[in-house]
$ cat final_15.tsv   # TSV, C-alpha atoms
chain	number	residue	atom	x	y	z
O	17	MET	CA	-32.05	-5.77	101.07
O	18	THR	CA	-35.24	-3.98	100.13
O	19	THR	CA	-36.14	-0.49	99.05
O	20	THR	CA	-38.92	1.53	97.55
O	21	LEU	CA	-37.02	3.48	94.92
O	22	THR	CA	-37.19	7.21	95.60
O	23	GLU	CA	-34.74	10.08	95.35
O	24	LYS	CA	-33.91	9.58	99.05
O	25	THR	CA	-33.21	5.85	98.91
O	26	PHE	CA	-31.59	5.59	95.49
O	27	ALA	CA	-28.09	6.82	96.31
O	28	GLN	CA	-27.81	4.46	99.28
O	29	LEU	CA	-27.76	1.47	96.94
O	30	LEU	CA	-27.24	2.24	93.28
O	31	THR	CA	-24.92	4.05	90.89
O	32	ALA	CA	-26.35	5.99	87.94
O	33	SER	CA	-25.11	7.46	84.69
O	34	GLY	CA	-26.51	8.21	81.23
O	35	GLY	CA	-29.89	9.68	80.40
O	36	ALA	CA	-28.21	12.75	78.90
O	37	ASN	CA	-30.73	15.14	77.29
O	38	GLY	CA	-33.63	13.22	78.83
O	39	THR	CA	-36.73	14.54	80.57
O	40	CYS	CA	-39.23	13.28	83.12
O	41	VAL	CA	-42.42	14.51	84.78
O	42	ASN	CA	-41.73	16.17	88.14
O	43	ALA	CA	-43.87	16.13	91.29
O	44	GLN	CA	-45.76	19.20	90.05
O	45	GLY	CA	-46.76	17.39	86.84
O	46	ARG	CA	-44.42	19.37	84.57
O	47	ILE	CA	-41.86	18.01	82.14
O	48	GLU	CA	-38.31	18.89	83.21
O	49	ALA	CA	-34.78	17.99	82.15
O	50	ALA	CA	-33.47	14.94	84.01
O	51	VAL	CA	-30.44	12.71	83.59
O	52	ALA	CA	-30.32	9.33	85.32
O	53	PRO	CA	-31.64	8.64	87.88
O	54	ALA	CA	-34.95	10.19	86.83
O	55	PHE	CA	-37.95	9.81	89.13
O	56	ASP	CA	-41.26	10.17	87.32
O	57	TYR	CA	-44.74	11.31	88.37
O	58	ASP	CA	-48.17	11.08	86.82
O	59	PRO	CA	-48.85	14.44	85.11
O	60	ILE	CA	-52.50	14.47	86.20
O	61	SER	CA	-52.66	12.83	89.65
O	62	LYS	CA	-49.06	13.80	90.59
O	63	ALA	CA	-48.66	10.31	92.07
O	64	ALA	CA	-45.13	8.90	92.03
O	65	ARG	CA	-44.59	6.38	89.21
O	66	GLY	CA	-41.09	5.29	90.20
O	67	LEU	CA	-37.58	5.22	88.82
O	68	ARG	CA	-37.88	6.00	85.12
O	69	PHE	CA	-35.97	4.07	82.48
O	70	ARG	CA	-36.47	5.75	79.12
O	71	GLY	CA	-35.53	2.94	76.75
O	72	PRO	CA	-33.08	2.80	73.85
O	73	VAL	CA	-31.18	5.78	72.48
O	74	ARG	CA	-33.53	8.12	70.64
O	75	THR	CA	-32.99	11.38	68.73
O	76	ASN	CA	-35.51	14.18	68.35
O	77	LEU	CA	-35.18	15.30	64.72
O	78	LEU	CA	-37.52	18.29	65.10
O	79	GLN	CA	-35.56	21.53	65.26
O	80	ASN	CA	-36.59	24.16	67.82
O	81	SER	CA	-38.94	21.58	69.28
O	82	GLN	CA	-40.50	23.78	71.98
O	83	LEU	CA	-42.72	25.23	69.20
O	84	SER	CA	-43.01	28.66	70.80
O	85	LEU	CA	-43.46	30.33	67.39
O	86	GLY	CA	-46.18	29.69	64.83
O	87	ILE	CA	-47.53	31.04	61.55
O	88	ALA	CA	-51.15	31.64	60.46
O	89	GLU	CA	-52.06	30.36	56.99
O	90	GLY	CA	-55.13	29.73	54.86
O	91	THR	CA	-57.81	31.69	52.99
O	92	THR	CA	-59.15	32.97	56.35
O	93	PRO	CA	-56.05	32.90	58.59
O	94	PRO	CA	-56.65	32.43	62.32
O	95	THR	CA	-55.02	34.49	65.08
O	96	VAL	CA	-51.60	33.09	66.01
O	97	GLY	CA	-49.17	34.14	68.75
O	98	SER	CA	-46.82	33.07	71.53
O	99	ALA	CA	-47.61	32.64	75.20
O	100	THR	CA	-46.47	31.03	78.44
O	101	VAL	CA	-49.13	28.65	79.73
O	102	GLU	CA	-48.69	26.38	82.75
O	103	GLY	CA	-45.04	27.34	82.70
O	104	GLU	CA	-44.64	26.20	79.09
O	105	ASP	CA	-43.44	28.51	76.33
O	106	CYS	CA	-45.82	27.68	73.51
O	107	SER	CA	-47.54	28.91	70.39
O	108	PHE	CA	-51.29	29.40	70.23
O	109	VAL	CA	-53.93	29.61	67.52
O	110	THR	CA	-57.44	30.98	67.99
O	111	PHE	CA	-60.24	29.88	65.67
O	112	VAL	CA	-63.36	32.07	65.68
O	113	PRO	CA	-66.77	31.70	64.02
O	114	GLY	CA	-66.69	32.63	60.36
O	115	LEU	CA	-63.29	31.12	59.53
O	116	ASN	CA	-63.28	28.56	56.76
O	117	PRO	CA	-62.60	25.06	58.14
O	118	GLY	CA	-60.09	22.66	56.62
O	119	TYR	CA	-56.42	22.89	55.73
O	120	ALA	CA	-57.06	25.44	52.99
O	121	GLY	CA	-59.30	27.60	55.19
O	122	ALA	CA	-57.54	28.30	58.51
O	123	ARG	CA	-54.47	26.64	59.92
O	124	TRP	CA	-51.54	27.01	62.30
O	125	ARG	CA	-48.12	25.69	61.39
O	126	SER	CA	-44.83	25.81	63.23
O	127	SER	CA	-42.32	28.47	62.29
O	128	PRO	CA	-39.94	27.72	59.40
O	129	TYR	CA	-37.28	27.04	62.03
O	130	ALA	CA	-39.18	24.07	63.50
O	131	VAL	CA	-38.80	21.34	60.90
O	132	GLY	CA	-37.45	17.81	60.89
O	133	ALA	CA	-35.61	15.95	58.14
O	134	ILE	CA	-37.06	12.59	57.05
O	135	GLY	CA	-35.94	9.80	54.77
O	136	LEU	CA	-37.73	7.64	52.25
O	137	SER	CA	-39.10	4.33	53.57
O	138	THR	CA	-37.94	4.95	57.16
O	139	THR	CA	-40.53	4.47	59.91
O	140	TYR	CA	-41.11	7.46	62.19
O	141	THR	CA	-43.16	8.42	65.22
O	142	TRP	CA	-44.20	12.02	65.76
O	143	SER	CA	-45.76	13.71	68.78
O	144	VAL	CA	-46.80	17.10	70.13
O	145	TYR	CA	-48.45	18.46	73.30
O	146	VAL	CA	-51.80	20.22	72.82
O	147	LYS	CA	-54.23	22.05	75.11
O	148	LEU	CA	-57.73	23.35	74.28
O	149	SER	CA	-59.56	26.31	75.82
O	150	ARG	CA	-62.88	24.45	75.80
O	151	PRO	CA	-64.40	21.07	74.88
O	152	LEU	CA	-65.42	20.69	71.26
O	153	ALA	CA	-69.10	20.68	70.37
O	154	VAL	CA	-70.64	17.86	68.39
O	155	GLY	CA	-69.62	18.31	64.75
O	156	GLU	CA	-66.53	20.35	65.59
O	157	SER	CA	-63.09	18.76	65.19
O	158	MET	CA	-59.39	19.57	65.01
O	159	THR	CA	-56.76	17.76	62.95
O	160	VAL	CA	-53.16	17.61	64.15
O	161	TYR	CA	-50.43	16.20	61.94
O	162	TYR	CA	-46.94	16.64	60.52
O	163	THR	CA	-46.79	17.59	56.85
O	164	GLY	CA	-44.35	18.63	54.15
O	165	THR	CA	-44.64	15.14	52.71
O	166	SER	CA	-47.43	12.58	52.66
O	167	ALA	CA	-47.96	9.38	54.64
O	168	MET	CA	-47.08	10.89	58.03
O	169	GLY	CA	-50.50	10.17	59.54
O	170	SER	CA	-52.81	12.47	61.48
O	171	PHE	CA	-54.75	12.70	64.76
O	172	VAL	CA	-58.31	14.04	64.87
O	173	ILE	CA	-59.67	15.59	68.08
O	174	ASP	CA	-63.46	15.50	68.05
O	175	ALA	CA	-66.10	16.16	70.70
O	176	ALA	CA	-65.71	12.69	72.20
O	177	LYS	CA	-61.91	13.05	72.59
O	178	SER	CA	-61.62	16.72	73.44
O	179	THR	CA	-62.16	16.65	77.22
O	180	GLN	CA	-58.70	15.23	77.91
O	181	PHE	CA	-57.15	18.26	76.20
O	182	VAL	CA	-59.04	20.88	78.23
O	183	ASP	CA	-57.21	22.56	81.15
O	184	ARG	CA	-53.96	20.63	80.60
O	185	PHE	CA	-51.41	19.79	77.95
O	186	THR	CA	-51.88	16.26	76.61
O	187	ARG	CA	-49.53	14.46	74.30
O	188	ILE	CA	-50.68	13.37	70.85
O	189	SER	CA	-48.59	10.81	69.01
O	190	VAL	CA	-48.83	8.93	65.73
O	191	SER	CA	-46.63	5.89	65.15
O	192	GLY	CA	-45.64	3.91	62.08
O	193	ALA	CA	-45.41	6.89	59.72
O	194	THR	CA	-43.48	5.89	56.59
O	195	PRO	CA	-43.01	8.84	54.18
O	196	ASN	CA	-42.83	8.18	50.47
O	197	VAL	CA	-40.24	10.88	49.71
O	198	ASN	CA	-37.19	12.49	51.31
O	199	GLY	CA	-37.71	15.96	52.70
O	200	SER	CA	-38.70	17.96	55.77
O	201	VAL	CA	-41.87	17.94	57.86
O	202	TYR	CA	-43.44	20.29	60.39
O	203	PRO	CA	-46.51	20.22	62.67
O	204	VAL	CA	-49.85	21.69	61.56
O	205	VAL	CA	-53.17	22.25	63.35
O	206	HIS	CA	-56.39	23.15	61.56
O	207	ALA	CA	-60.12	23.05	62.18
O	208	THR	CA	-62.21	20.48	60.36
O	209	GLY	CA	-65.89	19.57	60.43
O	210	THR	CA	-68.42	22.33	60.88
O	211	PRO	CA	-67.34	25.97	61.43
O	212	MET	CA	-66.61	26.85	65.06
O	213	ALA	CA	-69.71	27.72	67.08
O	214	SER	CA	-67.62	29.90	69.43
O	215	SER	CA	-64.02	30.98	69.83
O	216	LEU	CA	-61.51	28.16	70.45
O	217	THR	CA	-57.85	28.58	71.39
O	218	VAL	CA	-55.35	25.77	70.92
O	219	TRP	CA	-51.95	25.89	72.63
O	220	ILE	CA	-49.14	23.81	71.11
O	221	CYS	CA	-45.68	22.90	72.47
O	222	LYS	CA	-43.00	20.21	72.72
O	223	GLY	CA	-42.95	18.51	69.35
O	224	GLN	CA	-40.94	15.40	68.63
O	225	LEU	CA	-40.01	13.49	65.47
O	226	GLU	CA	-38.06	10.26	65.93
O	227	VAL	CA	-37.17	7.10	64.08
O	228	GLY	CA	-39.10	4.13	65.48
O	229	THR	CA	-42.51	2.56	65.88
O	230	THR	CA	-43.41	4.00	69.31
O	231	PRO	CA	-42.95	7.41	70.99
O	232	SER	CA	-40.23	7.86	73.58
O	233	SER	CA	-39.97	10.42	76.36
O	234	TYR	CA	-39.65	14.04	75.24
O	235	ILE	CA	-36.20	15.28	74.16
O	236	ALA	CA	-35.79	19.05	74.01
O	237	VAL	CA	-34.13	20.51	70.90
O	238	PRO	CA	-33.38	24.22	71.46
O	239	SER	CA	-31.73	24.89	68.10
O	240	THR	CA	-31.39	23.53	64.57
O	241	THR	CA	-29.25	20.57	65.69
O	242	PRO	CA	-31.16	17.34	66.50
O	243	ILE	CA	-30.57	16.10	70.06
O	244	MET	CA	-29.97	12.49	71.14
O	245	ARG	CA	-30.97	11.08	74.55
O	246	THR	CA	-28.61	8.42	75.89
O	247	VAL	CA	-29.59	5.26	77.78
O	248	ASP	CA	-30.22	5.36	81.54
O	249	GLN	CA	-27.62	3.18	83.29
O	250	ILE	CA	-28.29	1.96	86.83
O	251	HIS	CA	-26.16	-0.64	88.61
O	252	ILE	CA	-24.47	-1.92	91.77
O	253	PRO	CA	-20.84	-2.85	91.04
O	254	ASN	CA	-18.59	-5.36	92.78
O	255	LEU	CA	-21.27	-7.46	94.43
O	256	GLN	CA	-18.58	-9.74	95.83
O	257	SER	CA	-17.56	-6.92	98.18
O	258	GLN	CA	-21.10	-6.25	99.45
O	259	SER	CA	-21.82	-7.72	102.87
O	260	TRP	CA	-25.44	-8.52	101.96
O	261	TYR	CA	-24.65	-10.45	98.76
O	262	ASN	CA	-24.77	-14.26	98.79
O	263	GLN	CA	-22.75	-15.81	95.96
O	264	ARG	CA	-24.48	-19.19	96.34
O	265	GLU	CA	-28.18	-18.27	96.05
O	266	GLY	CA	-30.64	-15.41	95.99
O	267	THR	CA	-34.01	-13.95	94.98
O	268	ILE	CA	-34.91	-10.65	93.33
O	269	CYS	CA	-38.41	-9.15	93.11
O	270	VAL	CA	-39.30	-6.04	91.10
O	271	ARG	CA	-42.54	-4.08	90.91
O	272	LEU	CA	-42.74	-2.05	87.70
O	273	SER	CA	-44.88	-0.85	84.83
O	274	GLN	CA	-43.86	-0.62	81.18
O	275	VAL	CA	-44.30	2.78	79.56
O	276	SER	CA	-43.94	1.32	76.07
O	277	ASN	CA	-42.50	-1.70	74.33
O	278	LEU	CA	-39.79	0.26	72.56
O	279	ALA	CA	-37.38	-2.56	71.82
O	280	PRO	CA	-38.44	-5.46	69.56
O	281	ALA	CA	-35.90	-7.78	71.22
O	282	SER	CA	-35.31	-8.44	74.92
O	283	ALA	CA	-35.74	-5.53	77.35
O	284	MET	CA	-33.94	-6.11	80.61
O	285	ILE	CA	-35.71	-5.86	83.95
O	286	CYS	CA	-32.68	-6.75	86.06
O	287	GLY	CA	-29.84	-9.24	86.36
O	288	ILE	CA	-26.29	-10.04	87.36
O	289	THR	CA	-23.40	-10.30	84.89
O	290	ASP	CA	-19.64	-9.98	84.73
O	291	ALA	CA	-18.65	-6.34	85.02
O	292	ALA	CA	-17.03	-6.29	81.58
O	293	GLY	CA	-19.57	-8.35	79.63
O	294	ALA	CA	-22.34	-10.93	79.75
O	295	ASN	CA	-20.48	-14.19	79.17
O	296	SER	CA	-21.58	-15.15	82.66
O	297	ARG	CA	-25.05	-13.89	83.47
O	298	MET	CA	-28.43	-14.34	85.15
O	299	LEU	CA	-31.02	-12.09	83.52
O	300	LEU	CA	-34.75	-11.41	83.92
O	301	TYR	CA	-36.39	-9.64	80.98
O	302	PHE	CA	-39.36	-8.90	78.75
O	303	ALA	CA	-38.94	-10.95	75.59
O	304	GLY	CA	-39.85	-9.66	72.14
O	305	THR	CA	-43.36	-11.04	72.67
O	306	ASN	CA	-43.53	-9.02	75.92
O	307	GLU	CA	-43.64	-12.25	77.94
O	308	ILE	CA	-41.45	-12.67	81.02
O	309	GLY	CA	-38.29	-14.68	80.38
O	310	ALA	CA	-34.96	-15.44	82.06
O	311	ASN	CA	-31.68	-17.14	81.29
O	312	CYS	CA	-28.45	-18.17	82.97
O	313	PHE	CA	-25.03	-18.54	81.30
O	314	ASP	CA	-21.60	-19.50	82.60
O	315	ARG	CA	-18.67	-18.19	80.56
O	316	GLY	CA	-20.68	-18.32	77.35
O	317	ALA	CA	-22.38	-21.70	77.95
O	318	GLN	CA	-26.11	-21.75	78.62
O	319	LEU	CA	-27.05	-23.32	81.93
O	320	ALA	CA	-30.78	-22.54	81.95
O	321	ALA	CA	-33.43	-20.59	80.02
O	322	THR	CA	-37.16	-20.36	80.59
O	323	SER	CA	-40.19	-18.12	80.12
O	324	ILE	CA	-43.75	-17.78	81.39
O	325	PRO	CA	-46.22	-18.52	78.55
O	326	GLY	CA	-49.04	-16.01	78.25
O	327	SER	CA	-47.43	-13.56	80.68
O	328	ALA	CA	-47.62	-10.52	78.37
O	329	ALA	CA	-49.72	-7.67	79.77
O	330	PRO	CA	-50.87	-4.26	78.53
O	331	VAL	CA	-48.42	-1.38	78.66
O	332	GLY	CA	-49.00	0.62	81.85
O	333	GLN	CA	-50.12	-2.29	83.99
O	334	VAL	CA	-48.19	-2.60	87.25
O	335	ARG	CA	-46.38	-5.95	87.29
O	336	LYS	CA	-44.71	-7.99	89.99
O	337	VAL	CA	-41.87	-10.12	88.60
O	338	ALA	CA	-39.37	-12.27	90.47
O	339	PHE	CA	-36.65	-14.83	89.94
O	340	SER	CA	-34.60	-17.02	92.26
O	341	TRP	CA	-31.53	-19.18	91.85
O	342	LYS	CA	-29.40	-21.77	93.61
O	343	GLN	CA	-27.59	-24.85	92.45
O	344	GLY	CA	-30.28	-27.28	91.28
O	345	ARG	CA	-33.07	-24.71	90.68
O	346	PHE	CA	-33.72	-21.60	88.56
O	347	ALA	CA	-37.26	-20.17	88.93
O	348	ILE	CA	-39.20	-17.17	87.59
O	349	GLN	CA	-42.68	-15.88	88.42
O	350	CYS	CA	-44.92	-12.89	87.64
O	351	ASP	CA	-48.14	-11.40	89.00
O	352	ASP	CA	-50.39	-14.17	90.35
O	353	ARG	CA	-49.18	-16.88	87.97
O	354	PRO	CA	-47.58	-20.15	89.05
O	355	ALA	CA	-43.79	-20.19	89.09
O	356	VAL	CA	-41.87	-21.76	86.23
O	357	SER	CA	-38.80	-23.67	87.44
O	358	VAL	CA	-35.99	-25.45	85.58
O	359	GLY	CA	-32.90	-27.30	86.70
O	360	LEU	CA	-29.58	-25.54	87.23
O	361	ALA	CA	-26.63	-27.90	87.36
O	362	SER	CA	-24.21	-25.22	88.55
O	363	LEU	CA	-24.00	-21.49	89.18
O	364	PRO	CA	-22.21	-19.03	86.89
O	365	VAL	CA	-18.66	-18.06	87.73
O	366	PHE	CA	-18.64	-14.27	87.72
O	367	THR	CA	-15.75	-11.85	87.33
O	368	ASN	CA	-16.52	-8.77	89.43
O	369	PRO	CA	-20.30	-9.45	89.42
O	370	THR	CA	-22.46	-6.41	88.77
O	371	LEU	CA	-26.20	-6.06	89.35
O	372	TRP	CA	-27.98	-4.15	86.56
O	373	LEU	CA	-31.42	-2.56	86.76
O	374	GLY	CA	-33.41	-1.70	83.63
O	375	HIS	CA	-30.59	-2.70	81.26
O	376	ARG	CA	-27.41	-4.76	81.25
O	377	ASN	CA	-23.73	-4.03	80.68
O	378	ASN	CA	-23.51	-0.32	80.09
O	379	GLY	CA	-26.88	0.29	78.45
O	380	ALA	CA	-27.53	-2.88	76.46
O	381	ASP	CA	-31.16	-4.02	75.98
O	382	PRO	CA	-32.72	-1.12	77.94
O	383	ILE	CA	-36.32	-1.06	79.11
O	384	ASP	CA	-38.89	1.75	78.81
O	385	ALA	CA	-40.52	1.47	82.22
O	386	ALA	CA	-40.95	2.87	85.72
O	387	ILE	CA	-39.63	0.68	88.54
O	388	GLN	CA	-41.38	1.22	91.87
O	389	ASP	CA	-39.73	-1.36	94.10
O	390	PHE	CA	-36.60	-3.50	93.94
O	391	VAL	CA	-35.89	-6.20	96.53
O	392	TYR	CA	-33.03	-8.66	96.99
O	393	TRP	CA	-32.93	-11.56	99.44
O	394	PRO	CA	-29.76	-13.67	100.00
O	395	LYS	CA	-31.93	-16.80	99.88
O	396	ALA	CA	-33.56	-18.63	96.94
O	397	ALA	CA	-37.36	-18.64	97.25
O	398	ASN	CA	-38.94	-21.97	96.44
O	399	ALA	CA	-41.73	-22.43	93.88
O	400	THR	CA	-44.44	-21.88	96.49
O	401	GLU	CA	-42.86	-18.89	98.20
O	402	ILE	CA	-42.08	-17.01	95.02
O	403	VAL	CA	-45.79	-16.88	94.05
O	404	SER	CA	-46.79	-15.07	97.25
O	405	LEU	CA	-43.62	-13.00	97.35
O	406	THR	CA	-44.01	-9.21	97.33
O	407	PRO	CA	-41.58	-6.34	97.90
O	408	GLU	CA	-42.94	-6.23	101.46
O	409	THR	CA	-41.96	-9.85	102.26
O	410	GLU	CA	-39.49	-9.89	105.15
O	411	THR	CA	-38.11	-13.44	105.18
O	412	ILE	CA	-37.62	-16.27	102.70
O	413	THR	CA	-37.37	-19.87	103.94
O	414	GLY	CA	-36.01	-21.36	100.71

$ encode --input "final_15.tsv" --output "structure tokens"
Amino acid sequence: MTTTLTEKTFAQLLTASGGANGTCVNAQGRIEAAVAPAFDYDPISKAARGLRFRGPVRTNLLQNSQLSLGIAEGTTPPTVGSATVEGEDCSFVTFVPGLNPGYAGARWRSSPYAVGAIGLSTTYTWSVYVKLSRPLAVGESMTVYYTGTSAMGSFVIDAAKSTQFVDRFTRISVSGATPNVNGSVYPVVHATGTPMASSLTVWICKGQLEVGTTPSSYIAVPSTTPIMRTVDQIHIPNLQSQSWYNQREGTICVRLSQVSNLAPASAMICGITDAAGANSRMLLYFAGTNEIGANCFDRGAQLAATSIPGSAAPVGQVRKVAFSWKQGRFAIQCDDRPAVSVGLASLPVFTNPTLWLGHRNNGADPIDAAIQDFVYWPKAANATEIVSLTPETETITG
């Protein structure tokens, strides 16, 4: 059984739920609301990125997060207004020559209705989408940050960084912000460096404030009530009733790329468990070190566990990962590395076995990734075969 995961092939094989209040990038490069299954595209090239798993539950704490209203402040306030740009309702600020630079001189801030509550000594990540009307000249710069309390971090757009923000909205994020007081924060944009040589307009939309050390996919908050996105849940139930499933052996290969390493513990790539729990299980995952690992349990007793040393890779890199199993052998492999194989005295005894993709057992240990291909063979690839295995491989000898 093999498939390239697209909207057309998904429903033939898998069942989806969850992802409530989530978003993804559509084929036109725009962010849109999407529950599971969400198929994601590159916002610039419009190339398909695959089936999107958006990681653990996250909540956007920023009220009225679209940021379609703003306020001009400072000793020489800039021009501020609302607009619809590239289909996005947003706020804009225009800085012209003669305005005083710096926070005190000329700044945009979100409306009083777009604030987020924060707590002392909690770690946050904030983000916002920004677009510039022109590249910045040498010496010009813009500072984007959330304020209302200190220690929230900032992002400076200078001449070297500005090109990516011209002609398209680009997300800015700052992670690891740990405020030193309780209170509320809101986004701010102001000019820094030398005064503007010519008029510059900045469009701002889609802010997010969340607890955690990395940004997650955008969650829209249309009112003053924070919104939570639930976990994407993808699975195939009752494998024992599927004609293609072999209860004695098998191989699974997945091609995917991580969007972030949201979870500090294991993040599931795929696996098979009991329907009601994971006492019996075979799982393939990214460990906390981001290395590839796998384990096998039978009714709570560990039968096998292994990992591939040094297999961590940068976020965004397309990976090929695979594992195979049969009595006597449990093997895992990734990219072009040699397989790692351990003994397997017996196979797990499953109760209503269920295949999970991107998580296990109703949303546990979810991954933040895009899965491009998922392949199952009813035969266990040997240590040589599994290295050359790809989603396009037709037959496994075993």

$ residues_around --input "final_15.tsv" --residues "range 145-149 of chain O" --least-positions-apart "2" --cutoff "10 Å" --atoms "all atoms listed in the file" --output "VMD selection string"
chain O and resid 82 to 83 101 106 to 110 143 151 to 152 160 178 to 189 205 215 to 224

$ atom_distance --input "final_15.tsv" --atom1 "CA of Gly309 in chain O" --atom2 "CA of Gly287 in chain O"
11.7 Å

$ closest_residue --input "final_15.tsv" --among "O:Val227, O:Ile243, O:Ile387, O:Ala380" --to "Ser282 in chain O" --atoms "all atoms listed in the file"
O:Ala380

$ closest_residue --input "final_15.tsv" --among "O:Ile250, O:Leu319, O:Ala50, O:Val356" --to "Arg297 in chain O" --atoms "only C-alpha atoms"
O:Leu319

$ atom_distance --input "final_15.tsv" --atom1 "CA of Glu408 in chain O" --atom2 "CA of Ala396 in chain O"
16.2 Å

$ residues_around --input "final_15.tsv" --residues "Gln333 in chain O" --least-positions-apart "6" --cutoff "9 Å" --atoms "only C-alpha atoms" --output "short mmCIF file (atom, residue, chain, number, x, y, z; two decimals) with C-alpha atoms, in the coordinates of the input"
data_model
loop_
_atom_site.label_atom_id
_atom_site.label_comp_id
_atom_site.auth_asym_id
_atom_site.auth_seq_id
_atom_site.Cartn_x
_atom_site.Cartn_y
_atom_site.Cartn_z
CA LEU O 272 -42.74 -2.05 87.70
CA SER O 273 -44.88 -0.85 84.83
CA GLN O 274 -43.86 -0.62 81.18
CA VAL O 275 -44.30 2.78 79.56
#

$ atom_distance --input "final_15.tsv" --atom1 "CA of Gly97 in chain O" --atom2 "CA of Gly199 in chain O"
26.8 Å

$ closest_residue --input "final_15.tsv" --among "O:Tyr202, O:Phe171, O:Phe26, O:Tyr392" --to "Ala130 in chain O" --atoms "all atoms listed in the file"
O:Tyr202

$ closest_atom_pairs --input "final_15.tsv" --of "range 231-253 of chain O" --to "range 370-378 of chain O" --cutoff "12 Å" --atoms "all atoms listed in the file" --output "tab-separated table"
residue	atom	partner	partner_atom	distance
O:Thr246	CA	O:Asn378	CA	11.0
O:Val247	CA	O:Asn378	CA	8.6
O:Asp248	CA	O:Gly374	CA	8.0
O:Gln249	CA	O:Asn378	CA	6.3
O:Ile250	CA	O:Leu373	CA	5.5
O:His251	CA	O:Trp372	CA	4.5
O:Ile252	CA	O:Leu371	CA	5.1
O:Pro253	CA	O:Thr370	CA	4.5

$ closest_residue --input "final_15.tsv" --among "O:Pro325, O:Pro364, O:Pro354, O:Pro394" --to "Ala294 in chain O" --atoms "all atoms listed in the file"
O:Pro364

$ closest_residue --input "final_15.tsv" --among "O:Arg74, O:Arg123, O:His206, O:Arg353" --to "Ser404 in chain O" --atoms "all atoms listed in the file"
O:Arg353

$ residues_near_point --input "final_15.tsv" --point "(-46.3, 24.6, 63.8)" --cutoff "7 Å" --atoms "all atoms listed in the file" --output "JSON, numbers by chain"
{"O": [83, 86, 87, 124, 125, 126, 127, 202, 203, 204]}
